[in-house]
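Novice: Sharing a structure with you now.
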Amino acid sequence: MIDLIHTYWKSYLWSDGFNLTGLAMTLWLLVLSCAMGFVLALPLAIARSSRNPWLWRPVWLFTFVFRGTPLFVQLLMIYSGLAGVHFIRHTPLLWSFFRSGLDCVIVAFVLNTCAYTTEIFAGAIKATPIGEVEAGQAIGMSTATLYRRVILPSSLRRALPAYSNEIIFMLHSTSVAFTATVPDLLKVAVDVNAATFMTFQAYGIAAAIYLGVTFLLVGMFRRAERRWLAYLQPQTAQTSPRGADARPKEQPC
Amino acid sequence: MKKLWLLGALVALSLQAFALNAQTIKLGTDPTFAPFESKSPSGEIIGFEIDIAKAMCEKMGVKPVWVENDFDTIIPALQAKKFDAIVSGMAVNEKRKQQINFTDKVFHTPAGMVVRKGSGLTTRVETLKGKSIGMQQGTIFEQYARKYYAPNGVTVTPYKTPDLYRADLLAGRLDAVMDDAVVLQTTLLATPEGKDFEYAKPALKDEIFGVGAGFGVRKEDTALLKKLNKALADIRKDGTYAKIAKKYFTFDPYGD
Amino acid sequence: MTLSLEGYSQLILAGTWVTLKISFLSLVVSFLIGLAGAVAKLSANPVASWGAGVYTTLIRGIPALVLMLLLYFSVQMGLNRVTEHFGLHQLDIEPVSAAVMVLGFIYGAYFTETFRGAYLAVPRGQMEAALAIGMPWFRAFRRIQFPQMMRFALPGVANNWLVVIKTAGLVSLLGVNDMVKAARQAGNATMRQFFFYGVVAVIFLAITSLSQVLLQYLERRFDIGVREARL
């Protein structure tokens, strides 16, 4: 076990001497996909919560398909499937993109997380207290301003618990990237296992690293929740405004 | 009550493969290595090595039962006793001899590399710089590539099964693939999709490739090893081996 | 683009059956483990609650795929050690059963959390009253707590079921001959990978949609007798 760690620790964490591998690659996949997914999900969520069927139906179809099929199958379609499609294969611009396993993986991850994130944000937008929206409209805000100053800030805060779950779920889902030859953390474990046959140790180290990163993320999100959803934290006698009345008063004389 | 039924069903399901017949031997194989072992369209496991193993089992008076297993985990699976011998075109080399024992040589065919016609690539590492080469994970070809090519700027990509590296080669994601020369001929060069590909020269030779393929057994199964070696010698002596070889090859796969 | 399955329909159908079998059996196993886990986590016994806590934290913090690869061989090897120790003939676990055990074990952790939340949502007075009139704990659980728990657990169970189906799509990476592997073999043989993976995607979509319809029906059934606030 110690020998294993000694030989392979660098590959597990960031590089095998030739490319970015292991944890560094996994985190890179996570950050890139979630960032792009977030940016794409905002306009899609607004469309999804609109009452205009021309807007919300296409978005519903997108989220239905991408949430109803496994990420693994989506990845296989983009990596193996598109490579066999004549049009893609013989258009130099498209092929230079889809040839790379990493690009295929990013596309699949972005589409997948965007679908889930869109639904999460749409749900939060639809749950905006009607009073806030009416107040904004009453003072003459345009729809764009209304979204920018009232709906989106409040919805994003409301979506934080569900969205943080989605990010952690995405971290776990990146483990499927190795099937497209991307050298992420799990691929390093697979290679170590193939080289040494020490199955439990090879995968155990990867599992421990995933566990550690998950804990870090959970801790980070809890702090974020304490800050941005402070008004939802449980009240104690110390923090509640009426708590002062509950405290026993000093008896005079 | 319902829960007991479910529990019973689960136990029954897991005992499905419980062989009651003691006169069988379980053989593990990765049937993606035509013409040595492959799966027919109807799902039957066929091939040269399969037929040799069947003939040997006949001599030993046991019935072979085939267990499929991916090549990169076939040694741990043998040690986990999922089967009693590996019949999967496994080359005998030092690294593997540390984990398991091998029978005497069953066949010996050379290693080969396939590249696109006109790409100008050879097996010499200078021509492969900056290119990507694929092979099946856990094979001697992976060992060779990692030893000689990877440190010199060649991207080495191991794949779980041959159909995966074949797909990526045909798609243009790989510039070259390595595997047994006869297997490459059967599964790639002789097929319609393989018409744009050819062997790379010069021929690959190294001690990593071993001295031929044998059947693998666990280190503690010395009695089984003796029986297998005797059966192998028998079928070579009485001509069964030559008869089976003629069915698949125009040359003698036993090598020198 | 033709829609012909080129003779691979048999293979894909067989694979679909394997995927469905694994999904459903894993659901049953994880459901049972989840119930036991929730009871353990909520119990007054510190060993049980701490053990269950470690179980859920560990399993939910590691990707399912990594756990699957980690445990798949260990199950057989562990069993071999046990049967060797007792001198019994070796019990072979075939791939489908091993996959079910591993998936069930993993999602048992998620179900534990679902059931724990559902358990806590039932007013405590219900169990207290049942125990006060002398019902043994197990009967009280079975007749009072459990039916009410299920109503609260249903959305969580539904969500976990959808996740189990989608994770069952990964078992081909363990070597199981499921429908994704069938699609891969068919696609690579005919060079029509996009089509065959598309077929499999459509099958998954059908399964998830049907499940959602079924779960909506179940939700309406379980909500009989419960009034929802009129907004």
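Residue numbering restarts at 1 in every chain; chains get A, B, ... in the order shown in the structure tokens, and ligands count up from 1 in that same order.
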Just need the residues of chain C within 9 Å of chain A, counting only C-alpha atoms, so spit them out as JSON, numbers by chain.
Specialist: {"C": [57, 58, 59, 60, 61, 62, 63, 64, 65, 66, 67, 69, 70, 71, 73, 74, 162, 163, 165, 166, 167, 168, 169, 170, 173, 180, 184, 187, 188, 191, 192, 193, 194, 195, 196, 197, 198, 200, 201, 202, 203, 204, 205, 206, 207, 208, 209]}
Novice: Just need the residues of chain B within 7 Å of chain A, counting only C-alpha atoms, so spit them out as a list in words.
Specialist: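 Taken together, these residues fit the definition: Asp72, Pro76, Gly138, Ala171 and Arg173 of chain B.
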Novice: What does the file look like for those residues with C-alpha atoms, as a PDB file, in the first residue's frame?
Specialist:
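result_25.pdb was written with the following content:
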```pdb
ATOM      1  CA  ASP B  72      -7.711  -6.366 -17.677  1.00  0.00           C
ATOM      2  CA  PRO B  76      -7.747 -11.011 -10.223  1.00  0.00           C
ATOM      3  CA  GLY B 138      -3.588  -5.159 -19.298  1.00  0.00           C
ATOM      4  CA  ALA B 171     -12.958   7.278 -36.244  1.00  0.00           C
ATOM      5  CA  ARG B 173      -8.974   9.442 -32.844  1.00  0.00           C
TER       6      ARG B 173
END
```
Novice: In Å, with one decimal, what is the gap from CA of Asn45 (chain C) to CA of Ser26 (chain C)?
Specialist: 28.1 Å
Novice: Output as CSV one row per residue of chain C within 10 Å of chain B: the closest atom pair and its distance in Å to one decimal place, counting only C-alpha atoms, sorted by chain and residue number ascending.
Specialist:
```
residue,atom,partner,partner_atom,distance
C:Gly7,CA,B:Pro41,CA,9.4
C:Tyr8,CA,B:Pro41,CA,9.0
C:Gln10,CA,B:Ser42,CA,9.6
C:Leu11,CA,B:Gly43,CA,9.0
C:Leu25,CA,B:Leu10,CA,8.2
C:Val28,CA,B:Leu6,CA,8.2
C:Val29,CA,B:Leu6,CA,8.9
C:Leu32,CA,B:Lys3,CA,8.7
C:Phe73,CA,B:Ala80,CA,7.6
C:Ser74,CA,B:Ala80,CA,8.7
C:Val75,CA,B:Ala80,CA,9.7
C:Gln76,CA,B:Ala80,CA,6.6
C:Met77,CA,B:Ala80,CA,5.2
C:Gly78,CA,B:Ala80,CA,9.0
C:Leu79,CA,B:Ala80,CA,9.5
C:Asn80,CA,B:Ala80,CA,7.3
C:Arg81,CA,B:Ala80,CA,9.5
C:His89,CA,B:Phe18,CA,9.5
C:Gln90,CA,B:Phe18,CA,8.4
C:Leu91,CA,B:Phe18,CA,6.4
C:Asp92,CA,B:Phe18,CA,6.0
C:Ile93,CA,B:Ser14,CA,5.3
C:Glu94,CA,B:Ala17,CA,6.4
C:Pro95,CA,B:Ser14,CA,9.1
C:Val96,CA,B:Ser14,CA,8.4
C:Ser97,CA,B:Ser14,CA,5.5
C:Ala98,CA,B:Ser14,CA,7.9
C:Val100,CA,B:Leu10,CA,9.3
C:Met101,CA,B:Leu10,CA,9.3
C:Leu173,CA,B:Lys160,CA,9.0
C:Leu174,CA,B:Asp70,CA,8.8
C:Gly175,CA,B:Asp70,CA,6.7
C:Val176,CA,B:Asn69,CA,9.3
C:Arg184,CA,B:Leu164,CA,8.8
C:Gln185,CA,B:Asp163,CA,7.8
C:Gly187,CA,B:Ala167,CA,9.5
C:Asn188,CA,B:Ala167,CA,6.4
C:Ala189,CA,B:Asp163,CA,8.4
C:Met191,CA,B:Ala167,CA,8.1
C:Gln193,CA,B:Ala167,CA,9.5
```
Novice: Region 11-189 of chain A: which residues are alpha helix (DSSP H) by DSSP, as a tab-separated table (two decimals) with C-alpha atoms, in the first residue's frame?
Specialist:
```tsv
chain	number	residue	atom	x	y	z
A	11	SER	CA	-0.74	10.72	-10.90
A	12	TYR	CA	-3.66	10.56	-8.51
A	13	LEU	CA	-3.35	14.20	-7.61
A	22	GLY	CA	-6.31	12.66	-11.45
A	23	LEU	CA	-7.84	15.05	-8.99
A	24	ALA	CA	-6.69	18.13	-10.90
A	25	MET	CA	-8.42	16.91	-14.05
A	26	THR	CA	-11.58	15.97	-12.14
A	27	LEU	CA	-11.77	19.40	-10.53
A	28	TRP	CA	-11.11	21.09	-13.86
A	29	LEU	CA	-13.98	19.12	-15.42
A	30	LEU	CA	-16.23	20.06	-12.50
A	31	VAL	CA	-15.44	23.78	-12.55
A	32	LEU	CA	-15.69	24.09	-16.32
A	33	SER	CA	-18.96	22.16	-16.66
A	34	CYS	CA	-20.70	23.77	-13.70
A	35	ALA	CA	-19.64	27.28	-14.70
A	36	MET	CA	-20.83	26.88	-18.27
A	37	GLY	CA	-23.94	25.03	-17.13
A	38	PHE	CA	-24.79	27.85	-14.71
A	39	VAL	CA	-24.40	30.55	-17.34
A	40	LEU	CA	-26.55	28.65	-19.83
A	41	ALA	CA	-29.17	27.71	-17.24
A	42	LEU	CA	-30.05	31.28	-16.26
A	43	PRO	CA	-31.72	32.31	-19.54
A	44	LEU	CA	-33.17	28.81	-19.93
A	45	ALA	CA	-34.70	28.92	-16.45
A	46	ILE	CA	-36.30	32.28	-17.20
A	47	ALA	CA	-37.74	30.82	-20.39
A	48	ARG	CA	-38.87	27.72	-18.53
A	53	PRO	CA	-45.69	27.96	-24.43
A	54	TRP	CA	-43.29	28.81	-27.27
A	55	LEU	CA	-40.72	29.54	-24.60
A	56	TRP	CA	-41.25	26.91	-21.97
A	57	ARG	CA	-42.11	23.90	-24.11
A	58	PRO	CA	-38.76	23.61	-25.94
A	59	VAL	CA	-36.90	24.06	-22.65
A	60	TRP	CA	-39.14	21.44	-21.02
A	61	LEU	CA	-38.28	19.02	-23.84
A	62	PHE	CA	-34.57	19.66	-23.33
A	63	THR	CA	-34.71	19.06	-19.56
A	64	PHE	CA	-37.00	16.06	-20.00
A	65	VAL	CA	-34.58	14.31	-22.34
A	66	PHE	CA	-31.40	15.17	-20.48
A	67	ARG	CA	-32.78	14.36	-17.03
A	68	GLY	CA	-34.52	11.20	-18.18
A	71	LEU	CA	-25.23	10.80	-18.24
A	72	PHE	CA	-23.22	7.76	-19.32
A	73	VAL	CA	-25.47	7.13	-22.32
A	74	GLN	CA	-25.38	10.84	-23.22
A	75	LEU	CA	-21.57	10.74	-23.12
A	76	LEU	CA	-21.46	7.61	-25.29
A	82	LEU	CA	-21.13	11.48	-33.25
A	83	ALA	CA	-17.81	10.06	-34.46
A	86	HIS	CA	-20.77	11.13	-41.62
A	87	PHE	CA	-21.50	14.87	-41.50
A	88	ILE	CA	-19.53	15.45	-38.31
A	89	ARG	CA	-16.65	13.22	-39.28
A	92	PRO	CA	-13.01	19.68	-40.41
A	93	LEU	CA	-14.22	22.35	-37.97
A	94	LEU	CA	-16.65	20.01	-36.19
A	95	TRP	CA	-14.34	17.03	-36.27
A	96	SER	CA	-11.38	18.87	-34.78
A	97	PHE	CA	-13.64	19.58	-31.81
A	98	PHE	CA	-15.34	16.22	-31.34
A	101	GLY	CA	-12.25	13.04	-25.73
A	102	LEU	CA	-12.01	15.95	-23.32
A	103	ASP	CA	-14.20	18.21	-25.49
A	104	CYS	CA	-16.83	15.51	-25.87
A	105	VAL	CA	-16.90	15.00	-22.12
A	106	ILE	CA	-17.29	18.73	-21.44
A	107	VAL	CA	-20.16	19.01	-23.91
A	108	ALA	CA	-21.97	16.05	-22.33
A	109	PHE	CA	-21.44	17.34	-18.79
A	110	VAL	CA	-22.50	20.90	-19.62
A	111	LEU	CA	-25.71	19.75	-21.28
A	112	ASN	CA	-26.53	17.43	-18.39
A	113	THR	CA	-25.86	19.84	-15.55
A	114	CYS	CA	-27.57	22.65	-17.46
A	115	ALA	CA	-30.77	20.56	-17.66
A	116	TYR	CA	-30.83	19.87	-13.92
A	117	THR	CA	-29.81	23.42	-13.02
A	118	THR	CA	-32.49	24.88	-15.29
A	119	GLU	CA	-35.15	22.91	-13.48
A	120	ILE	CA	-33.77	23.91	-10.07
A	121	PHE	CA	-33.66	27.61	-10.95
A	122	ALA	CA	-37.06	27.51	-12.68
A	123	GLY	CA	-38.55	25.98	-9.56
A	124	ALA	CA	-37.00	28.69	-7.43
A	125	ILE	CA	-38.19	31.45	-9.77
A	126	LYS	CA	-41.72	30.09	-9.73
A	130	ILE	CA	-45.94	36.97	-5.38
A	131	GLY	CA	-45.82	40.06	-3.17
A	132	GLU	CA	-42.23	40.82	-4.16
A	133	VAL	CA	-43.08	40.67	-7.85
A	134	GLU	CA	-46.21	42.81	-7.43
A	135	ALA	CA	-44.31	45.40	-5.44
A	136	GLY	CA	-41.71	45.68	-8.19
A	137	GLN	CA	-44.38	46.02	-10.84
A	138	ALA	CA	-46.25	48.60	-8.74
A	143	THR	CA	-39.51	43.13	-16.72
A	144	ALA	CA	-35.76	43.14	-17.20
A	145	THR	CA	-35.16	45.28	-14.11
A	146	LEU	CA	-37.66	43.20	-12.17
A	152	LEU	CA	-33.08	36.50	-9.64
A	153	PRO	CA	-31.33	37.47	-6.39
A	154	SER	CA	-34.11	36.00	-4.32
A	155	SER	CA	-34.45	32.87	-6.48
A	156	LEU	CA	-30.74	32.11	-6.56
A	157	ARG	CA	-30.64	32.27	-2.80
A	158	ARG	CA	-33.64	29.97	-2.55
A	159	ALA	CA	-32.03	27.55	-4.98
A	160	LEU	CA	-28.77	27.33	-3.05
A	161	PRO	CA	-29.45	24.07	-1.10
A	162	ALA	CA	-30.70	22.24	-4.19
A	163	TYR	CA	-27.93	23.67	-6.39
A	164	SER	CA	-25.20	22.73	-3.95
A	165	ASN	CA	-26.55	19.17	-4.07
A	166	GLU	CA	-26.36	19.31	-7.83
A	167	ILE	CA	-22.71	20.40	-7.77
A	168	ILE	CA	-21.78	17.54	-5.47
A	169	PHE	CA	-23.75	15.17	-7.67
A	170	MET	CA	-21.82	16.53	-10.65
A	171	LEU	CA	-18.52	15.87	-8.86
A	172	HIS	CA	-19.53	12.25	-8.50
A	173	SER	CA	-20.72	12.07	-12.10
A	185	LEU	CA	-9.19	10.48	-10.94
A	186	LEU	CA	-11.01	7.23	-11.62
A	187	LYS	CA	-8.96	6.53	-14.74
A	188	VAL	CA	-5.76	6.80	-12.70
A	189	ALA	CA	-7.26	4.25	-10.29
```
Novice: When distances are computed from only C-alpha atoms, which of C:Glu128, C:Gly134, C:Phe222, C:Tyr110 shows the smallest separation from Pro147 (chain C)?
Specialist: C:Phe222
Novice: As a PyMOL selection string, list the residues of region 165-239 of chain B assigned to strand (DSSP E or B) by DSSP on the backbone atoms of this structure.
Specialist: chain B and resi 176-180+197-199+204+213+216-217
Novice: Could you write out that same residue set with C-alpha atoms as a PDB file, in the first residue's frame?
Specialist:
```pdb
ATOM      1  CA  ALA B 176      -2.082   3.487 -34.497  1.00  0.00           C
ATOM      2  CA  VAL B 177      -3.159   0.406 -32.574  1.00  0.00           C
ATOM      3  CA  MET B 178      -1.144  -2.515 -31.206  1.00  0.00           C
ATOM      4  CA  ASP B 179      -2.264  -6.067 -30.672  1.00  0.00           C
ATOM      5  CA  ASP B 180      -1.481  -9.619 -31.743  1.00  0.00           C
ATOM      6  CA  PHE B 197      -5.021   0.368 -42.941  1.00  0.00           C
ATOM      7  CA  GLU B 198      -1.855  -1.711 -43.011  1.00  0.00           C
ATOM      8  CA  TYR B 199       0.809  -3.144 -40.730  1.00  0.00           C
ATOM      9  CA  LEU B 204       8.031  -5.680 -33.199  1.00  0.00           C
ATOM     10  CA  ALA B 213       0.713 -17.793 -24.935  1.00  0.00           C
ATOM     11  CA  GLY B 216      -2.985 -19.423 -16.682  1.00  0.00           C
ATOM     12  CA  VAL B 217      -3.682 -21.184 -13.384  1.00  0.00           C
TER      13      VAL B 217
END
```
Novice: Tell me, in Å to one decimal, how far CA of Leu210 (chain C) is from CA of Phe152 (chain C).
Specialist: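 Computing it gives 21.3 Å between the two atoms.
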